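The structure under discussion appears below in the form of structure tokens.
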Amino acid sequence: MGRRRENRWQPPEHPEVERPRAYSLSEDARGPDVCHAVTPVPVWAWIQFPTFHVRVKAFAKSWTRDAVMVEWAQFGQQANAWVWRSAVKHRTLRADIGKRSPENAPH
């Protein structure tokens with residue numbers, strides 16, 4: 001007797017949807033004299049997409065007087081963009097929070 005094949009899993013037949021790409025500032029907008037971080041700095045950054053904005057946990061990799069190049073995880077992949085400096089705020093990593101607890105403070 002033959003087997004029933006109706007319960008066998010098959011991948012979806014629709015094509016993969018293209019993921020939106022974040023806007024990034026042009027070289028003219030971000031300015032000259034780029035400084036590169038030796039160790040990336042943890043930041044919160046507002047990222048602009050064609051139809052929405054989102055605040056992400058990111059790392060500042062480079063910066064100028066007016067802009068910051070941030071890197072974050074997007075849809076399971078690494079993404080980066082240049083954003084205005086005012087769209088970026090420092091954040092503290094969890095490991096750093098433990099170092100700042102009152103028990104660890106110098107007496």
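By order of appearance in the structure tokens: chains A, B, ..., then residues from 1 within every chain, and ligands from 1 in the order shown.
Considering only range 8-98 of chain A, backbone DSSP assigns helix (DSSP H, G or I) to Glu27, Asp28, Ala29, Arg30, Arg85, Ser86, Ala87, Arg94, Ala95, Asp96, Ile97 and Gly98 of chain A.
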Take the selection from the previous step and output its residues with N, CA and C atoms, as a tab-separated table (two decimals), in the first residue's frame.
```tsv
chain	number	residue	atom	x	y	z
A	27	GLU	N	28.32	60.95	2.74
A	27	GLU	CA	29.64	61.39	3.20
A	27	GLU	C	29.65	62.90	3.44
A	28	ASP	N	28.96	63.66	2.59
A	28	ASP	CA	28.90	65.11	2.77
A	28	ASP	C	28.17	65.48	4.06
A	29	ALA	N	27.11	64.74	4.39
A	29	ALA	CA	26.32	65.04	5.58
A	29	ALA	C	27.09	64.72	6.86
A	30	ARG	N	27.81	63.61	6.87
A	30	ARG	CA	28.49	63.21	8.11
A	30	ARG	C	29.75	64.01	8.37
A	85	ARG	N	24.40	62.48	15.23
A	85	ARG	CA	24.89	62.30	16.60
A	85	ARG	C	23.76	62.43	17.62
A	86	SER	N	22.80	63.29	17.36
A	86	SER	CA	21.68	63.48	18.30
A	86	SER	C	20.76	62.26	18.37
A	87	ALA	N	20.89	61.31	17.46
A	87	ALA	CA	20.07	60.10	17.46
A	87	ALA	C	20.71	58.98	18.27
A	94	ARG	N	25.18	45.07	30.70
A	94	ARG	CA	24.84	44.43	31.97
A	94	ARG	C	26.07	44.10	32.80
A	95	ALA	N	27.14	43.68	32.18
A	95	ALA	CA	28.37	43.36	32.91
A	95	ALA	C	28.91	44.61	33.59
A	96	ASP	N	28.74	45.77	32.97
A	96	ASP	CA	29.20	47.03	33.56
A	96	ASP	C	28.33	47.45	34.74
A	97	ILE	N	27.07	47.08	34.75
A	97	ILE	CA	26.17	47.45	35.83
A	97	ILE	C	26.64	46.80	37.13
A	98	GLY	N	27.05	45.54	37.08
A	98	GLY	CA	27.54	44.85	38.27
A	98	GLY	C	28.78	45.50	38.85
```
### Message
So that I can see what lies close to range 49-58 of chain A, please list as an MDAnalysis selection string the residues with an atom at most 12 Å from it, counting only C-alpha atoms and leaving out residues fewer than 6 positions away in the same chain.
### Response
chainID A and resid 19:24 40:43 68:74 78:83 87:93
